[in-house]
Amino acid sequence: MSTETWTLDASHGGQLAVRTDVTGKASKMGHRLTIAVTSWTATVEWSGDAPTAVTLDARWDRSM
């Protein structure tokens with residue numbers, strides 16, 4: 001079987017967003033947030049037609 005590795009990042013036009021949610025009794029006071037991650041890299045390793053490993057490194061600016 002052949003192996004292959006894909007590397008993807010924001011420079012390929014991809015976007016990464018983290019969406020939060022709230023549950024439970026206090027959920028009416030919670031905030032649903034969407035955090036845009038501007039710097040990220042993903043690596044996918046394949047064996048044949050199946051992915052065997054995925055790695056994601058995401059960084060964001062905490063000052064915002």
# chains A, B, ... in the order shown; residues from 1 in each chain; ligands from 1
call {"tool": "residues_around", "arguments": {"residues": "Ala17 in chain A", "least_positions_apart": "3", "cutoff": "9 Å", "atoms": "only C-alpha atoms", "output": "list in words"}}
result
Thr34, Ile35, Ala36, Val37 and Thr38 of chain A
call {"tool": "select_by_dssp", "arguments": {"residues": "chain A", "states": "strand (DSSP E or B)", "output": "PyMOL selection string"}}
result
chain A and resi 3-9+16-19+34-37+39-47+50-59
call {"tool": "residues_around", "arguments": {"residues": "Ala10 in chain A", "least_positions_apart": "6", "cutoff": "8 Å", "atoms": "only C-alpha atoms", "output": "ChimeraX atom specification"}}
result
/A:38-41
call {"tool": "residues_around", "arguments": {"residues": "Arg32 in chain A", "least_positions_apart": "5", "cutoff": "10 Å", "atoms": "only C-alpha atoms", "output": "PDB file with C-alpha atoms, in the first residue's frame"}}
result
ATOM      1  CA  ARG A  19     -17.457  27.416  17.880  1.00  0.00           C
ATOM      2  CA  THR A  20     -18.389  27.187  21.553  1.00  0.00           C
ATOM      3  CA  ASP A  21     -21.775  26.287  22.990  1.00  0.00           C
ATOM      4  CA  VAL A  22     -23.455  26.343  26.380  1.00  0.00           C
ATOM      5  CA  SER A  27     -26.920  28.222  29.663  1.00  0.00           C
TER       6      SER A  27
END
call {"tool": "residues_around", "arguments": {"residues": "Thr3 in chain A", "least_positions_apart": "6", "cutoff": "12 Å", "atoms": "only C-alpha atoms", "output": "mmCIF file with all heavy atoms, in the first residue's frame"}}
result
data_model
loop_
_atom_site.group_PDB
_atom_site.id
_atom_site.type_symbol
_atom_site.label_atom_id
_atom_site.label_comp_id
_atom_site.auth_asym_id
_atom_site.auth_seq_id
_atom_site.Cartn_x
_atom_site.Cartn_y
_atom_site.Cartn_z
ATOM 1 N N VAL A 44 -2.141 15.419 7.403
ATOM 2 C CA VAL A 44 -2.920 14.172 7.317
ATOM 3 C C VAL A 44 -2.036 13.116 6.676
ATOM 4 O O VAL A 44 -1.504 13.327 5.587
ATOM 5 C CB VAL A 44 -4.207 14.359 6.480
ATOM 6 C CG1 VAL A 44 -5.020 13.075 6.465
ATOM 7 C CG2 VAL A 44 -5.029 15.532 6.985
ATOM 8 N N GLU A 45 -1.866 11.998 7.353
ATOM 9 C CA GLU A 45 -1.098 10.872 6.811
ATOM 10 C C GLU A 45 -2.078 9.816 6.319
ATOM 11 O O GLU A 45 -3.045 9.485 7.005
ATOM 12 C CB GLU A 45 -0.175 10.305 7.884
ATOM 13 C CG GLU A 45 0.883 11.288 8.336
ATOM 14 C CD GLU A 45 1.772 10.733 9.433
ATOM 15 O OE1 GLU A 45 1.782 9.505 9.635
ATOM 16 O OE2 GLU A 45 2.451 11.543 10.087
ATOM 17 N N TRP A 46 -1.806 9.308 5.127
ATOM 18 C CA TRP A 46 -2.691 8.327 4.482
ATOM 19 C C TRP A 46 -1.961 7.012 4.263
ATOM 20 O O TRP A 46 -0.773 6.982 3.983
ATOM 21 C CB TRP A 46 -3.126 8.854 3.122
ATOM 22 C CG TRP A 46 -4.004 10.059 3.180
ATOM 23 C CD1 TRP A 46 -3.599 11.362 3.316
ATOM 24 C CD2 TRP A 46 -5.414 10.077 3.114
ATOM 25 N NE1 TRP A 46 -4.683 12.181 3.329
ATOM 26 C CE2 TRP A 46 -5.814 11.428 3.209
ATOM 27 C CE3 TRP A 46 -6.386 9.093 2.981
ATOM 28 C CZ2 TRP A 46 -7.149 11.803 3.169
ATOM 29 C CZ3 TRP A 46 -7.715 9.480 2.942
ATOM 30 C CH2 TRP A 46 -8.087 10.816 3.035
ATOM 31 N N SER A 47 -2.702 5.927 4.347
ATOM 32 C CA SER A 47 -2.236 4.610 3.931
ATOM 33 C C SER A 47 -3.302 4.065 2.984
ATOM 34 O O SER A 47 -4.409 3.748 3.404
ATOM 35 C CB SER A 47 -2.062 3.682 5.127
ATOM 36 O OG SER A 47 -1.631 2.410 4.699
ATOM 37 N N GLY A 48 -2.982 4.046 1.703
ATOM 38 C CA GLY A 48 -3.997 3.683 0.722
ATOM 39 C C GLY A 48 -5.065 4.770 0.669
ATOM 40 O O GLY A 48 -4.764 5.951 0.551
ATOM 41 N N ASP A 49 -6.326 4.373 0.831
ATOM 42 C CA ASP A 49 -7.444 5.318 0.776
ATOM 43 C C ASP A 49 -7.890 5.797 2.148
ATOM 44 O O ASP A 49 -8.872 6.535 2.248
ATOM 45 C CB ASP A 49 -8.647 4.671 0.080
ATOM 46 C CG ASP A 49 -8.394 4.440 -1.399
ATOM 47 O OD1 ASP A 49 -7.527 5.140 -1.965
ATOM 48 O OD2 ASP A 49 -9.068 3.582 -1.992
ATOM 49 N N ALA A 50 -7.201 5.392 3.211
ATOM 50 C CA ALA A 50 -7.657 5.711 4.568
ATOM 51 C C ALA A 50 -6.661 6.620 5.299
ATOM 52 O O ALA A 50 -5.451 6.371 5.269
ATOM 53 C CB ALA A 50 -7.854 4.428 5.370
ATOM 54 N N PRO A 51 -7.160 7.646 5.971
ATOM 55 C CA PRO A 51 -6.264 8.455 6.796
ATOM 56 C C PRO A 51 -5.838 7.650 8.024
ATOM 57 O O PRO A 51 -6.639 6.941 8.626
ATOM 58 C CB PRO A 51 -7.117 9.660 7.187
ATOM 59 C CG PRO A 51 -8.529 9.223 7.033
ATOM 60 C CD PRO A 51 -8.533 8.160 5.988
ATOM 61 N N THR A 52 -4.564 7.743 8.376
ATOM 62 C CA THR A 52 -4.056 6.991 9.529
ATOM 63 C C THR A 52 -3.685 7.893 10.694
ATOM 64 O O THR A 52 -3.590 7.431 11.821
ATOM 65 C CB THR A 52 -2.832 6.152 9.132
ATOM 66 O OG1 THR A 52 -1.835 7.019 8.591
ATOM 67 C CG2 THR A 52 -3.209 5.091 8.119
ATOM 68 N N ALA A 53 -3.456 9.192 10.433
ATOM 69 C CA ALA A 53 -3.116 10.133 11.504
ATOM 70 C C ALA A 53 -3.433 11.548 11.044
ATOM 71 O O ALA A 53 -3.266 11.871 9.867
ATOM 72 C CB ALA A 53 -1.645 10.029 11.876
#
call {"tool": "decode", "arguments": {"residues": "range 16-28 of chain A", "atoms": "all heavy atoms", "output": "compact mmCIF listing (two decimals), in the first residue's frame"}}
result
# COMPACT_ATOMS: atom_id res chain seq x y z
N LEU A 16 -10.30 28.16 9.62
CA LEU A 16 -10.52 27.33 10.80
C LEU A 16 -11.26 28.17 11.82
O LEU A 16 -10.80 29.25 12.18
CB LEU A 16 -9.20 26.83 11.36
CG LEU A 16 -9.29 25.97 12.63
CD1 LEU A 16 -10.07 24.69 12.36
CD2 LEU A 16 -7.91 25.66 13.15
N ALA A 17 -12.42 27.71 12.25
CA ALA A 17 -13.22 28.42 13.25
C ALA A 17 -13.56 27.44 14.37
O ALA A 17 -13.90 26.29 14.13
CB ALA A 17 -14.49 28.98 12.65
N VAL A 18 -13.46 27.92 15.60
CA VAL A 18 -13.83 27.14 16.78
C VAL A 18 -15.13 27.75 17.30
O VAL A 18 -15.18 28.94 17.61
CB VAL A 18 -12.73 27.19 17.86
CG1 VAL A 18 -13.17 26.42 19.09
CG2 VAL A 18 -11.42 26.65 17.31
N ARG A 19 -16.17 26.94 17.38
CA ARG A 19 -17.46 27.42 17.88
C ARG A 19 -17.73 26.81 19.25
O ARG A 19 -17.62 25.60 19.43
CB ARG A 19 -18.56 27.04 16.91
CG ARG A 19 -18.45 27.80 15.60
CD ARG A 19 -19.63 27.51 14.69
NE ARG A 19 -19.58 28.34 13.51
CZ ARG A 19 -18.94 28.02 12.40
NH1 ARG A 19 -18.29 26.88 12.31
NH2 ARG A 19 -18.94 28.84 11.37
N THR A 20 -18.08 27.67 20.21
CA THR A 20 -18.39 27.19 21.55
C THR A 20 -19.90 27.16 21.73
O THR A 20 -20.64 27.83 21.03
CB THR A 20 -17.76 28.10 22.63
OG1 THR A 20 -18.37 29.39 22.57
CG2 THR A 20 -16.26 28.22 22.42
N ASP A 21 -20.35 26.40 22.69
CA ASP A 21 -21.78 26.29 22.99
C ASP A 21 -21.94 26.26 24.51
O ASP A 21 -20.96 26.15 25.25
CB ASP A 21 -22.36 25.02 22.37
CG ASP A 21 -23.87 25.11 22.17
OD1 ASP A 21 -24.47 26.13 22.56
OD2 ASP A 21 -24.45 24.15 21.65
N VAL A 22 -23.16 26.37 24.95
CA VAL A 22 -23.45 26.34 26.38
C VAL A 22 -24.57 25.34 26.64
O VAL A 22 -25.44 25.13 25.80
CB VAL A 22 -23.87 27.74 26.89
CG1 VAL A 22 -22.71 28.69 26.83
CG2 VAL A 22 -25.02 28.30 26.08
N THR A 23 -24.51 24.69 27.81
CA THR A 23 -25.55 23.72 28.18
C THR A 23 -25.84 23.85 29.67
O THR A 23 -25.14 24.55 30.40
CB THR A 23 -25.09 22.27 27.89
OG1 THR A 23 -23.92 22.00 28.65
CG2 THR A 23 -24.81 22.06 26.41
N GLY A 24 -26.85 23.19 30.10
CA GLY A 24 -27.16 23.15 31.53
C GLY A 24 -28.03 24.31 31.98
O GLY A 24 -28.52 25.11 31.21
N LYS A 25 -28.22 24.36 33.30
CA LYS A 25 -29.12 25.34 33.90
C LYS A 25 -28.66 26.78 33.68
O LYS A 25 -29.48 27.69 33.58
CB LYS A 25 -29.26 25.07 35.39
CG LYS A 25 -29.97 23.77 35.68
CD LYS A 25 -30.09 23.52 37.17
CE LYS A 25 -30.77 22.21 37.43
NZ LYS A 25 -30.90 21.94 38.87
N ALA A 26 -27.37 27.01 33.63
CA ALA A 26 -26.86 28.37 33.47
C ALA A 26 -26.67 28.77 32.00
O ALA A 26 -26.11 29.81 31.70
CB ALA A 26 -25.55 28.52 34.22
N SER A 27 -27.18 27.97 31.08
CA SER A 27 -26.92 28.22 29.66
C SER A 27 -27.52 29.54 29.17
O SER A 27 -27.02 30.12 28.21
CB SER A 27 -27.43 27.06 28.81
OG SER A 27 -28.84 26.97 28.90
N LYS A 28 -28.57 30.03 29.81
CA LYS A 28 -29.16 31.30 29.38
C LYS A 28 -28.20 32.46 29.60
O LYS A 28 -28.32 33.50 28.97
CB LYS A 28 -30.48 31.55 30.11
CG LYS A 28 -31.56 30.58 29.68
CD LYS A 28 -32.85 30.85 30.40
CE LYS A 28 -33.89 29.82 29.98
NZ LYS A 28 -35.15 30.01 30.68
